[in-house]
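Chemist: Got a file for you: target_5.txt, compact mmCIF, C-alpha atoms.
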```
# COMPACT_ATOMS: atom_id res chain seq x y z
CA MET C 1 0.00 0.00 0.00
CA ARG C 2 1.55 3.32 -1.02
CA GLN C 3 1.90 6.08 1.56
CA ASP C 4 -0.75 8.30 -0.06
CA LYS C 5 -3.18 5.39 -0.16
CA ALA C 6 -2.52 4.65 3.49
CA SER C 7 -3.16 8.28 4.43
CA SER C 8 -6.34 8.32 2.40
CA LEU C 9 -7.52 5.14 4.09
CA ARG C 10 -6.82 6.59 7.54
CA GLU C 11 -8.71 9.75 6.63
CA ARG C 12 -11.76 7.86 5.35
CA LEU C 13 -11.67 5.62 8.40
CA ARG C 14 -11.60 8.65 10.72
CA ARG C 15 -14.56 10.20 8.91
CA GLY C 16 -16.55 6.97 9.14
CA VAL C 17 -15.76 6.37 12.78
CA SER C 18 -16.56 9.93 13.80
CA ASN C 19 -20.28 9.06 13.50
CA PHE C 20 -20.03 6.34 16.10
CA GLU C 21 -20.40 6.56 19.90
CA PHE C 22 -18.60 4.40 22.42
CA ASP C 23 -18.95 6.43 25.63
CA ALA C 24 -21.09 3.95 27.58
CA LEU C 25 -18.68 1.15 26.72
CA ILE C 26 -15.56 3.09 27.65
CA GLN C 27 -16.92 4.63 30.84
CA GLY C 28 -19.06 1.68 31.95
CA VAL C 29 -22.62 1.95 33.20
CA SER C 30 -24.25 1.52 36.59
CA ASN C 31 -27.77 2.27 37.70
CA VAL C 32 -27.99 -0.21 40.57
CA ASP C 33 -27.70 2.55 43.20
CA GLU C 34 -30.34 4.79 41.64
CA PRO C 35 -33.78 4.88 43.26
CA GLU C 36 -36.30 2.53 41.71
CA SER C 37 -38.54 4.18 39.18
CA PRO C 38 -42.14 3.11 38.82
CA ALA C 39 -42.52 -0.39 37.48
CA GLU C 40 -41.44 -0.67 33.89
CA PRO C 41 -44.22 -1.65 31.55
CA GLN C 42 -43.80 -5.28 30.56
CA PRO C 43 -44.11 -6.30 26.96
CA PRO C 44 -47.73 -7.25 26.53
CA ILE C 45 -48.66 -10.91 26.29
CA ALA C 46 -51.07 -11.90 23.55
CA LYS C 47 -54.59 -11.35 24.80
CA PRO C 48 -58.09 -11.58 23.35
CA ALA C 49 -58.96 -8.73 21.06
CA SER C 50 -61.35 -7.18 23.57
CA ASP C 51 -58.59 -6.19 26.01
CA ALA C 52 -55.59 -6.20 23.67
CA PRO C 53 -52.96 -3.64 24.71
CA LYS C 54 -52.72 -0.46 22.70
CA ALA C 55 -49.01 0.13 23.10
CA SER C 56 -48.28 0.85 19.45
CA PRO C 57 -49.90 3.69 17.58
CA PRO C 58 -52.06 1.65 15.23
CA ALA C 59 -51.50 2.32 11.58
CA ALA C 60 -54.78 0.67 10.67
CA THR C 61 -58.15 0.81 12.37
CA ASP C 62 -58.87 -2.89 12.10
CA PRO C 63 -56.97 -4.56 14.96
CA ASP C 64 -57.47 -8.07 13.56
CA GLY C 65 -56.21 -6.93 10.19
CA LEU C 66 -53.20 -5.30 11.83
CA ARG C 67 -52.37 -8.44 13.76
CA THR C 68 -52.66 -10.53 10.63
CA ALA C 69 -50.44 -8.09 8.76
CA VAL C 70 -47.75 -8.18 11.45
CA MET C 71 -47.81 -11.97 11.65
CA THR C 72 -47.66 -12.31 7.86
CA LEU C 73 -44.85 -9.77 7.57
CA GLY C 74 -43.02 -11.47 10.43
CA ASP C 75 -43.18 -14.77 8.52
CA ARG C 76 -42.00 -13.01 5.38
CA LEU C 77 -39.10 -11.43 7.23
CA LEU C 78 -38.08 -14.82 8.59
CA GLN C 79 -38.20 -16.36 5.11
CA GLU C 80 -36.41 -13.55 3.30
CA SER C 81 -33.71 -13.14 5.93
CA GLY C 82 -33.16 -16.92 5.79
CA LYS C 83 -32.68 -16.68 2.04
CA LEU C 84 -30.39 -13.69 2.52
CA ALA C 85 -28.33 -15.66 5.03
CA HIS C 86 -28.13 -18.61 2.63
CA ALA C 87 -26.98 -16.40 -0.24
CA LEU C 88 -24.36 -14.69 1.92
CA ASN C 89 -23.12 -18.00 3.28
CA GLY C 90 -22.59 -18.99 -0.34
CA HIS C 91 -20.64 -15.77 -0.93
CA ASP C 92 -23.15 -14.70 -3.57
CA ALA C 93 -23.28 -10.91 -3.32
CA VAL C 94 -25.69 -10.55 -6.24
CA GLU C 95 -28.27 -12.96 -4.87
CA GLY C 96 -27.63 -11.48 -1.42
CA GLY C 97 -28.46 -8.03 -2.79
CA TYR C 98 -31.71 -9.34 -4.25
CA TYR C 99 -32.80 -10.77 -0.89
CA LEU C 100 -31.51 -7.74 1.00
CA CYS C 101 -33.89 -5.67 -1.13
CA ARG C 102 -36.77 -7.96 -0.12
CA VAL C 103 -35.77 -7.83 3.54
CA ASN C 104 -35.65 -4.04 3.29
CA GLN C 105 -39.13 -3.92 1.78
CA VAL C 106 -40.55 -6.08 4.56
CA LEU C 107 -38.78 -3.97 7.21
CA ASP C 108 -40.23 -0.79 5.70
CA LEU C 109 -43.71 -2.27 5.99
CA LEU C 110 -43.16 -3.50 9.53
CA ASN C 111 -41.81 -0.09 10.56
CA ALA C 112 -44.98 1.42 9.11
CA VAL C 113 -47.59 -0.86 10.70
CA ASP C 114 -45.90 -1.67 14.02
CA PRO C 115 -43.30 1.07 14.53
CA ARG C 116 -41.99 -0.02 17.93
CA GLY C 117 -42.47 -3.74 17.45
CA ASP C 118 -44.83 -3.92 20.45
CA LEU C 119 -47.52 -5.77 18.54
CA ALA C 120 -45.03 -8.30 17.14
CA ARG C 121 -43.73 -8.92 20.67
CA SER C 122 -47.23 -9.35 22.04
CA LEU C 123 -47.96 -11.86 19.28
CA LYS C 124 -44.68 -13.64 20.12
CA THR C 125 -43.57 -13.35 16.52
CA PRO C 126 -40.21 -15.15 16.38
CA VAL C 127 -38.53 -12.24 14.62
CA ALA C 128 -39.94 -9.54 16.94
CA PRO C 129 -37.34 -7.01 18.07
CA PRO C 130 -36.23 -7.38 21.70
CA PRO C 131 -37.83 -5.10 24.33
CA GLY C 132 -36.50 -1.58 24.13
CA HIS C 133 -35.73 -1.98 20.44
CA SER C 134 -37.74 -1.26 17.34
CA TRP C 135 -37.42 -2.96 13.98
CA PRO C 136 -34.11 -2.51 12.21
CA ARG C 137 -34.29 0.12 9.51
CA ALA C 138 -34.01 -0.78 5.86
CA THR C 139 -30.39 -0.51 4.75
CA TRP C 140 -29.68 1.02 1.37
CA SER C 141 -26.11 2.18 1.97
CA PHE C 142 -22.85 0.71 3.15
CA TYR C 143 -22.90 2.63 6.42
CA GLU C 144 -26.51 1.79 7.21
CA PHE C 145 -25.82 -1.86 6.53
CA ALA C 146 -22.66 -1.89 8.65
CA GLU C 147 -24.64 -0.46 11.55
CA SER C 148 -27.59 -2.82 11.17
CA PRO C 149 -27.85 -6.12 13.04
CA ILE C 150 -28.47 -7.67 9.61
CA SER C 151 -24.74 -7.22 8.93
CA GLY C 152 -24.25 -10.10 11.36
CA LEU C 153 -25.30 -12.38 8.47
CA LEU C 154 -22.20 -11.51 6.47
CA PRO C 155 -19.62 -14.25 6.01
CA ASN C 156 -16.44 -13.75 8.00
CA ASP C 157 -14.33 -12.93 5.00
CA ALA C 158 -16.71 -10.44 3.37
CA ASP C 159 -14.86 -7.29 2.38
CA GLU C 160 -15.90 -3.82 1.27
CA ALA C 161 -16.17 -4.88 -2.37
CA PHE C 162 -18.54 -7.72 -1.48
CA CYS C 163 -20.77 -5.34 0.49
CA ALA C 164 -20.69 -2.69 -2.22
CA THR C 165 -21.81 -5.25 -4.82
CA MET C 166 -24.58 -6.48 -2.56
CA ILE C 167 -25.87 -2.96 -1.81
CA ALA C 168 -25.75 -1.98 -5.48
CA GLU C 169 -27.71 -5.11 -6.39
CA ALA C 170 -30.26 -4.37 -3.65
CA ILE C 171 -30.80 -0.88 -5.06
CA ALA C 172 -31.03 -2.21 -8.61
CA SER C 173 -33.58 -4.81 -7.50
CA SER C 174 -35.71 -2.14 -5.83
CA GLU C 175 -35.75 -0.12 -9.05
CA ALA C 176 -36.55 -3.12 -11.25
CA MET Q 1 -15.92 -13.12 41.39
CA ASN Q 2 -15.53 -11.71 37.91
CA VAL Q 3 -18.28 -12.42 35.39
CA VAL Q 4 -17.14 -11.57 31.87
CA ALA Q 5 -19.54 -11.46 28.93
CA VAL Q 6 -17.58 -12.03 25.74
CA VAL Q 7 -19.78 -10.12 23.36
CA ASN Q 8 -19.91 -8.88 19.78
CA GLN Q 9 -22.95 -9.01 17.52
CA LYS Q 10 -20.72 -9.91 14.59
CA GLY Q 11 -20.14 -13.62 14.13
CA GLY Q 12 -16.74 -15.13 13.43
CA VAL Q 13 -14.68 -12.74 15.55
CA ALA Q 14 -13.35 -15.48 17.88
CA LYS Q 15 -15.76 -15.04 20.79
CA THR Q 16 -15.99 -18.80 21.34
CA THR Q 17 -12.27 -19.38 20.83
CA THR Q 18 -11.52 -16.62 23.31
CA VAL Q 19 -13.86 -18.02 25.96
CA ALA Q 20 -12.45 -21.56 25.61
CA ASN Q 21 -8.80 -20.60 25.59
CA LEU Q 22 -8.80 -17.72 28.01
CA GLY Q 23 -10.87 -19.84 30.40
CA ALA Q 24 -8.46 -22.78 30.09
CA CYS Q 25 -5.40 -20.56 30.63
CA ILE Q 26 -6.92 -19.05 33.77
CA ALA Q 27 -8.07 -22.44 35.10
CA GLU Q 28 -4.53 -23.79 34.59
CA ARG Q 29 -3.43 -21.22 37.15
CA GLY Q 30 -5.63 -22.98 39.70
CA LEU Q 31 -8.48 -20.48 39.57
CA ARG Q 32 -11.98 -21.99 39.49
CA THR Q 33 -13.44 -21.01 36.18
CA LEU Q 34 -16.90 -21.46 34.67
CA LEU Q 35 -17.62 -21.18 30.96
CA ILE Q 36 -21.22 -20.55 29.91
CA ASP Q 37 -22.26 -21.37 26.35
CA LEU Q 38 -25.11 -18.96 25.65
CA ASP Q 39 -24.91 -19.32 21.87
CA PRO Q 40 -27.56 -21.58 20.27
CA GLN Q 41 -24.89 -22.78 17.84
CA ALA Q 42 -23.28 -24.44 20.90
CA ASN Q 43 -19.83 -24.23 19.32
CA LEU Q 44 -18.13 -23.81 22.69
CA THR Q 45 -19.79 -27.00 23.90
CA VAL Q 46 -18.79 -28.98 20.83
CA GLY Q 47 -15.33 -27.37 20.82
CA LEU Q 48 -14.78 -28.74 24.32
CA GLY Q 49 -15.70 -32.24 23.25
CA ILE Q 50 -19.35 -32.43 24.36
CA GLN Q 51 -22.08 -33.32 21.87
CA TRP Q 52 -25.11 -31.20 22.67
CA PRO Q 53 -27.70 -33.52 21.03
CA GLU Q 54 -26.85 -36.11 23.69
CA LEU Q 55 -27.60 -33.73 26.55
CA GLU Q 56 -30.89 -34.14 28.38
CA THR Q 57 -30.55 -30.75 30.00
CA ALA Q 58 -28.42 -27.77 29.07
CA LEU Q 59 -28.48 -24.03 29.51
CA HIS Q 60 -31.87 -23.58 27.85
CA SER Q 61 -33.41 -25.78 30.59
CA VAL Q 62 -31.86 -23.55 33.27
CA LEU Q 63 -33.15 -20.35 31.69
CA LEU Q 64 -36.65 -21.69 31.12
CA ASP Q 65 -37.13 -23.53 34.41
CA PRO Q 66 -34.52 -22.40 36.93
CA ASP Q 67 -36.34 -23.94 39.91
CA GLU Q 68 -36.46 -27.37 38.28
CA VAL Q 69 -33.01 -27.23 36.66
CA PRO Q 70 -30.48 -25.22 38.70
CA LEU Q 71 -27.27 -24.24 36.88
CA ALA Q 72 -25.21 -26.51 39.16
CA THR Q 73 -26.94 -29.61 37.77
CA ILE Q 74 -25.75 -29.15 34.18
CA LEU Q 75 -22.05 -28.39 34.74
CA ARG Q 76 -19.37 -30.57 33.12
CA GLN Q 77 -15.78 -30.55 34.31
CA ILE Q 78 -13.17 -30.16 31.57
CA GLU Q 79 -9.85 -32.05 31.44
CA GLY Q 80 -9.60 -32.49 35.21
CA LEU Q 81 -8.92 -28.78 35.60
CA PRO Q 82 -10.88 -26.41 37.86
CA LEU Q 83 -12.67 -25.60 34.60
CA PHE Q 84 -16.41 -26.17 34.22
CA LEU Q 85 -18.78 -25.77 31.30
CA ALA Q 86 -22.46 -24.93 31.33
CA PRO Q 87 -23.23 -26.48 27.93
CA GLY Q 88 -25.34 -24.81 25.30
CA HIS Q 89 -27.93 -26.38 23.05
CA LEU Q 90 -29.68 -25.63 19.78
CA ASP Q 91 -32.89 -25.25 21.78
CA LEU Q 92 -31.49 -21.95 23.11
CA ALA Q 93 -32.70 -20.55 19.78
CA HIS Q 94 -36.30 -20.95 20.96
CA THR Q 95 -35.56 -19.85 24.50
CA GLU Q 96 -35.63 -16.14 23.71
CA ALA Q 97 -39.22 -16.30 22.50
CA MET Q 98 -40.29 -18.55 25.36
CA MET Q 99 -38.79 -16.22 27.98
CA MET Q 100 -40.48 -13.20 26.45
CA PRO Q 101 -43.65 -13.21 28.61
CA HIS Q 102 -41.67 -13.43 31.86
CA ALA Q 103 -41.01 -10.23 33.77
CA ASP Q 104 -37.57 -11.45 34.89
CA LYS Q 105 -36.51 -12.60 31.43
CA ALA Q 106 -33.39 -10.41 31.35
CA TYR Q 107 -32.31 -11.48 34.85
CA ARG Q 108 -32.58 -15.27 34.44
CA LEU Q 109 -28.88 -15.88 33.85
CA ARG Q 110 -27.79 -13.50 36.62
CA ASN Q 111 -30.13 -15.24 39.07
CA ALA Q 112 -28.84 -18.65 37.98
CA ILE Q 113 -25.20 -17.61 38.48
CA GLU Q 114 -25.95 -16.05 41.87
CA ASP Q 115 -27.79 -19.20 42.96
CA LEU Q 116 -24.86 -21.37 41.83
CA THR Q 117 -22.17 -19.29 43.47
CA ARG Q 118 -23.96 -19.42 46.82
CA ARG Q 119 -23.04 -23.13 46.81
CA GLN Q 120 -19.89 -23.33 44.70
CA GLU Q 121 -17.16 -20.76 44.57
CA PHE Q 122 -15.88 -19.54 41.20
CA ASP Q 123 -13.16 -17.00 40.60
CA TRP Q 124 -14.03 -16.36 36.97
CA VAL Q 125 -17.11 -16.83 34.82
CA PHE Q 126 -16.89 -16.32 31.04
CA ILE Q 127 -20.07 -16.12 28.98
CA ASP Q 128 -19.95 -16.92 25.26
CA CYS Q 129 -22.65 -14.69 23.77
CA PRO Q 130 -24.55 -15.34 20.54
CA PRO Q 131 -23.83 -13.09 17.55
CA SER Q 132 -26.89 -10.93 18.11
CA LEU Q 133 -28.16 -8.30 20.51
CA GLY Q 134 -31.28 -10.21 21.56
CA THR Q 135 -32.59 -11.36 24.93
CA LEU Q 136 -29.81 -13.91 25.43
CA THR Q 137 -27.13 -11.25 25.01
CA GLN Q 138 -29.11 -8.92 27.30
CA ASN Q 139 -29.05 -11.69 29.92
CA ALA Q 140 -25.28 -11.89 29.58
CA ILE Q 141 -24.77 -8.14 29.92
CA VAL Q 142 -27.02 -7.89 32.97
CA ALA Q 143 -25.25 -10.87 34.58
CA ALA Q 144 -21.77 -9.57 33.83
CA THR Q 145 -19.42 -7.44 35.88
CA HIS Q 146 -17.27 -6.91 32.78
CA LEU Q 147 -17.47 -7.00 29.00
CA LEU Q 148 -14.74 -8.33 26.77
CA ILE Q 149 -15.19 -7.41 23.11
CA PRO Q 150 -13.21 -9.48 20.63
CA THR Q 151 -13.08 -7.81 17.27
CA GLU Q 152 -11.43 -8.21 13.92
CA PRO Q 153 -9.54 -5.16 12.69
CA LYS Q 154 -12.22 -4.33 10.13
CA PHE Q 155 -14.41 -1.31 9.63
CA TYR Q 156 -17.43 -3.30 10.82
CA ALA Q 157 -15.80 -3.42 14.22
CA PHE Q 158 -16.69 0.22 14.83
CA ALA Q 159 -20.28 -0.19 13.68
CA GLY Q 160 -20.65 -3.26 15.88
CA MET Q 161 -19.30 -1.52 18.96
CA ASP Q 162 -21.49 1.51 18.26
CA SER Q 163 -24.54 -0.78 18.19
CA LEU Q 164 -23.46 -2.46 21.42
CA ASN Q 165 -22.98 0.97 22.99
CA LYS Q 166 -26.51 1.99 21.93
CA MET Q 167 -27.95 -1.25 23.28
CA ILE Q 168 -26.31 -0.78 26.66
CA VAL Q 169 -27.60 2.77 26.93
CA ALA Q 170 -31.09 1.53 26.04
CA LEU Q 171 -30.89 -1.28 28.60
CA THR Q 172 -30.13 1.16 31.42
CA LYS Q 173 -33.61 2.61 30.90
CA SER Q 174 -35.38 -0.63 31.75
CA LEU Q 175 -32.95 -2.86 33.66
CA ARG Q 176 -30.76 -2.59 36.77
CA PHE Q 177 -27.16 -3.55 36.25
CA ARG Q 178 -23.56 -2.44 36.54
CA VAL Q 179 -20.98 -3.36 33.95
CA GLU Q 180 -17.64 -2.07 32.79
CA LEU Q 181 -15.40 -2.80 29.87
CA LEU Q 182 -12.60 -5.23 30.68
CA GLY Q 183 -11.16 -4.65 27.26
CA VAL Q 184 -11.34 -4.75 23.49
CA LEU Q 185 -9.39 -7.67 22.07
CA LEU Q 186 -8.01 -7.55 18.54
CA THR Q 187 -8.42 -10.99 16.97
CA MET Q 188 -7.84 -12.69 13.61
CA PHE Q 189 -4.94 -10.30 13.16
CA GLU Q 190 -2.78 -10.87 10.12
CA ARG Q 191 0.89 -9.98 10.44
CA GLY Q 192 2.20 -7.52 7.92
CA THR Q 193 -1.24 -6.37 6.80
CA ARG Q 194 -1.23 -2.57 6.59
CA LEU Q 195 -5.04 -2.41 6.62
CA HIS Q 196 -5.21 -4.34 9.89
CA ALA Q 197 -2.49 -2.17 11.41
CA THR Q 198 -4.30 1.02 10.36
CA ILE Q 199 -7.67 -0.07 11.75
CA ALA Q 200 -6.07 -1.41 14.93
CA ALA Q 201 -4.39 1.97 15.43
CA GLU Q 202 -7.75 3.70 15.06
CA ILE Q 203 -9.37 1.33 17.57
CA ARG Q 204 -6.56 2.07 20.05
CA ASP Q 205 -7.00 5.76 19.37
CA ARG Q 206 -10.72 5.61 20.22
CA PHE Q 207 -10.58 3.16 23.12
CA GLY Q 208 -7.16 4.01 24.58
CA ASP Q 209 -5.88 1.63 27.25
CA LYS Q 210 -9.15 -0.29 27.12
CA VAL Q 211 -7.65 -2.18 24.18
CA PHE Q 212 -5.61 -5.19 25.30
CA GLN Q 213 -1.93 -5.01 24.42
CA THR Q 214 -2.16 -8.69 23.55
CA VAL Q 215 -3.26 -9.35 19.99
CA ILE Q 216 -4.61 -12.71 18.82
CA TYR Q 217 -3.06 -13.58 15.50
CA LYS Q 218 -4.56 -15.97 12.97
CA ASN Q 219 -3.25 -19.42 13.79
CA VAL Q 220 -4.32 -22.66 12.17
CA ARG Q 221 -3.39 -24.69 15.25
CA VAL Q 222 -6.25 -23.01 17.12
CA SER Q 223 -8.71 -24.32 14.52
CA GLU Q 224 -7.12 -27.75 14.75
CA SER Q 225 -7.49 -27.76 18.53
CA GLU Q 226 -11.22 -27.12 18.11
CA VAL Q 227 -11.50 -30.20 15.91
CA GLU Q 228 -9.78 -32.14 18.69
CA GLY Q 229 -12.26 -30.75 21.25
CA ARG Q 230 -9.51 -29.16 23.36
CA PRO Q 231 -8.42 -25.60 24.05
CA ILE Q 232 -5.17 -24.72 22.27
CA ALA Q 233 -3.47 -24.10 25.61
CA LEU Q 234 -3.93 -27.80 26.40
CA PHE Q 235 -3.58 -29.13 22.84
CA ASP Q 236 -0.32 -27.49 21.81
CA ARG Q 237 1.34 -25.15 24.29
CA ARG Q 238 4.07 -24.21 21.85
CA ALA Q 239 1.65 -22.93 19.20
CA SER Q 240 1.64 -19.17 18.80
CA GLY Q 241 -2.12 -19.22 19.40
CA ALA Q 242 -1.56 -20.81 22.82
CA GLN Q 243 1.07 -18.20 23.64
CA ASN Q 244 -1.29 -15.39 22.59
CA TYR Q 245 -3.95 -16.64 24.98
CA GLU Q 246 -1.41 -17.17 27.78
CA ALA Q 247 -0.40 -13.53 27.38
CA LEU Q 248 -4.04 -12.48 27.34
CA ALA Q 249 -4.72 -14.42 30.55
CA GLU Q 250 -1.83 -12.61 32.27
CA GLU Q 251 -3.18 -9.27 31.09
CA VAL Q 252 -6.74 -10.07 32.14
CA LEU Q 253 -5.60 -11.13 35.63
CA LEU Q 254 -3.50 -7.98 35.91
CA ARG Q 255 -6.43 -5.77 34.91
CA ALA Q 256 -8.77 -7.52 37.32
CA SER Q 257 -6.34 -7.05 40.21
CA GLY Q 258 -5.70 -3.41 39.32
```
Could you rewrite the structure in this file as structure tokens?
Modeler:
Amino acid sequence: MRQDKASSLRERLRRGVSNFEFDALIQGVSNVDEPESPAEPQPPIAKPASDAPKASPPAATDPDGLRTAVMTLGDRLLQESGKLAHALNGHDAVEGGYYLCRVNQVLDLLNAVDPRGDLARSLKTPVAPPPGHSWPRATWSFYEFAESPISGLLPNDADEAFCATMIAEAIASSEA
Amino acid sequence: MNVVAVVNQKGGVAKTTTVANLGACIAERGLRTLLIDLDPQANLTVGLGIQWPELETALHSVLLDPDEVPLATILRQIEGLPLFLAPGHLDLAHTEAMMMPHADKAYRLRNAIEDLTRRQEFDWVFIDCPPSLGTLTQNAIVAATHLLIPTEPKFYAFAGMDSLNKMIVALTKSLRFRVELLGVLLTMFERGTRLHATIAAEIRDRFGDKVFQTVIYKNVRVSESEVEGRPIALFDRRASGAQNYEALAEEVLLRASG
């Protein structure tokens, strides 16, 4: 690597890293000595429609329809992310991009109908985000993807070029 | 007692290898050490020579029914050392969803460790976390006194640690716990690779002395030791991988005493 390339790499790295926060990790956290706050709301357990919790701002007025939509989209997310994982395991960036596009589309819909993931949790959807988290956002750029938990599906030896190809293919698939 | 969650949402960064080998190196010094396989892939369990399909009970049983299956009942001793394993199981994959309705779901592992250590003394506990930031990893963080973050010198390392940072901040809003960073460990390092050196320098710049001086280099003997179901420190002491983990153990013990 030539000196100018090395400097350029360092500069780009610095710029990329400047968006990230590590303070809680570096300083540590402790709230065990703080006074107890009122009981935290527990994630709702699936209940009959008549007393179903209204934790999420409903995007539709028909609660049964909303539940069905979340369950169907949850199944879709499971299927598409499984296919994405399979493509990435096979080091196929093009096929990975295609399924990343489909995962993104499902995530967009889930973010629209169940923004905080409360309904998915209450329905015990296997792919529901953990308490305190909402759905991952769709990732249409390298940085968004790197920050998303979906990046955990990447094979160990995936490099920047692999990711760039996958993202480009995802964008192309969305425009097709 | 030190409880160390070895955590990184990225897979393939040597979390499992670090737990197995660091644990073995510390146990060889006569310190009672417990390894907890919290990853549904159960690679730590298999890597220490135990076949999870043959287990009637494993960690998932403890998390789902702690009264019926206390942690002490599933422990396996390794190689005659003061080294014990709480084996993992594929069924851990379903455990997250099954714990969801329970109010104490994030405290199950901490309660299990506390219950165990009332009866058996351990100096060190290392938790092998799954490559995700779900309920199992939350259990590990809440149970831990320290975090150890193995990471490859790649750009994703920063994004991964940023996500972990965000998750910890979010957890403080709903859970009670205290945890500090034991250190960031550079793994899978390739000698003579300028890219790795550049990214490692940036990680040290951001995390300062929280980054371990010891670096774990790529070493094929470590992979071979996993096939043999033994930590490298016991399989081939002369291998550079074994020496890396010996050095890490010294550094970890020094940090814990300081």
Chemist: Have a look at CA of Met188 (chain Q) and CA of Tyr217 (chain Q) and let me know their distance in Å, one decimal.
Modeler: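 Between CA of Met188 (chain Q) and CA of Tyr217 (chain Q) the gap is 5.2 Å.
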Chemist: Extract, using all atoms listed in the file, all DNA, RNA and protein residues at most 8 Å from region 136-150 of chain C, discarding same-chain residues fewer than 5 positions from it, and format them as a count of residues only.
Modeler: 19
Chemist: What's the separation between CA of Arg176 (chain Q) and CA of Ala256 (chain Q), in Å to one decimal place?
Modeler: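 Rounded to one decimal, the two atoms are 22.5 Å apart.
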Chemist: List the neighbours of Glu190 (chain Q) out to 9 Å using only C-alpha atoms; skip same-chain residues closer than 5 positions along the sequence, and give me the result as a list in words.
Modeler: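 Here the qualifying residues turn out to be His196, Ala197, Tyr217 and Lys218 of chain Q.
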Chemist: Do you know which residues are at most 9 Å from region 81-87 of chain C counting all atoms listed in the file, after dropping those on the same chain fewer than 2 positions away, and could you put them as a list in words?
Modeler: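 Once the adjacent positions are removed, what remains is Arg76, Leu77, Leu78, Gln79, Asn89, Gly90, His91, Asp92, Ala93, Val94, Glu95, Gly96, Gly97, Tyr98, Tyr99, Leu100, Arg102, Val103, Ile150, Leu153, Leu154 and Pro155 of chain C.
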Chemist: Per residue of region 64-91 of chain Q within 7 Å of region 101-116 of chain Q, what are the shortest atom pair and its distance in Å to one decimal, counting all atoms listed in the file, with rows by chain and residue number, as CSV?
Modeler:
```
residue,atom,partner,partner_atom,distance
Q:Pro66,CA,Q:Ala112,CA,6.9
Q:Pro70,CA,Q:Ala112,CA,6.8
Q:Leu71,CA,Q:Ala112,CA,5.9
Q:Ala72,CA,Q:Leu116,CA,5.8
```
Chemist: Filtering to C-alpha atoms, could you give me those residues as a compact mmCIF listing (two decimals), keeping the file's coordinate frame?
Modeler:
```txt
# COMPACT_ATOMS: atom_id res chain seq x y z
CA PRO Q 66 -34.52 -22.40 36.93
CA PRO Q 70 -30.48 -25.22 38.70
CA LEU Q 71 -27.27 -24.24 36.88
CA ALA Q 72 -25.21 -26.51 39.16
```
Chemist: Could N, CA and C atoms be built for region 2-14 of chain C and written out as a JSON list (two decimals), in the frame of the given file?
Modeler:
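Below you can see result-v7.json, which holds the result:
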```json
[["chain", "number", "residue", "atom", "x", "y", "z"],
["C", 2, "ARG", "N", 0.70, 2.13, -0.96],
["C", 2, "ARG", "CA", 1.55, 3.32, -1.02],
["C", 2, "ARG", "C", 1.15, 4.26, 0.10],
["C", 3, "GLN", "N", 2.11, 5.19, 0.43],
["C", 3, "GLN", "CA", 1.90, 6.08, 1.56],
["C", 3, "GLN", "C", 0.64, 6.94, 1.39],
["C", 4, "ASP", "N", 0.42, 7.46, 0.14],
["C", 4, "ASP", "CA", -0.75, 8.30, -0.06],
["C", 4, "ASP", "C", -2.05, 7.50, 0.10],
["C", 5, "LYS", "N", -2.00, 6.24, -0.34],
["C", 5, "LYS", "CA", -3.18, 5.39, -0.16],
["C", 5, "LYS", "C", -3.45, 5.14, 1.32],
["C", 6, "ALA", "N", -2.37, 4.91, 2.06],
["C", 6, "ALA", "CA", -2.52, 4.65, 3.49],
["C", 6, "ALA", "C", -3.11, 5.87, 4.20],
["C", 7, "SER", "N", -2.64, 7.05, 3.82],
["C", 7, "SER", "CA", -3.16, 8.28, 4.43],
["C", 7, "SER", "C", -4.63, 8.47, 4.09],
["C", 8, "SER", "N", -4.96, 8.18, 2.84],
["C", 8, "SER", "CA", -6.34, 8.32, 2.40],
["C", 8, "SER", "C", -7.25, 7.34, 3.16],
["C", 9, "LEU", "N", -6.75, 6.14, 3.35],
["C", 9, "LEU", "CA", -7.52, 5.14, 4.09],
["C", 9, "LEU", "C", -7.76, 5.61, 5.52],
["C", 10, "ARG", "N", -6.69, 6.11, 6.15],
["C", 10, "ARG", "CA", -6.82, 6.59, 7.54],
["C", 10, "ARG", "C", -7.85, 7.71, 7.62],
["C", 11, "GLU", "N", -7.80, 8.61, 6.64],
["C", 11, "GLU", "CA", -8.71, 9.75, 6.63],
["C", 11, "GLU", "C", -10.16, 9.29, 6.48],
["C", 12, "ARG", "N", -10.40, 8.36, 5.56],
["C", 12, "ARG", "CA", -11.76, 7.86, 5.35],
["C", 12, "ARG", "C", -12.25, 7.10, 6.58],
["C", 13, "LEU", "N", -11.34, 6.37, 7.19],
["C", 13, "LEU", "CA", -11.67, 5.62, 8.40],
["C", 13, "LEU", "C", -12.09, 6.59, 9.51],
["C", 14, "ARG", "N", -11.29, 7.64, 9.70],
["C", 14, "ARG", "CA", -11.60, 8.65, 10.72],
["C", 14, "ARG", "C", -12.99, 9.24, 10.50]]
```
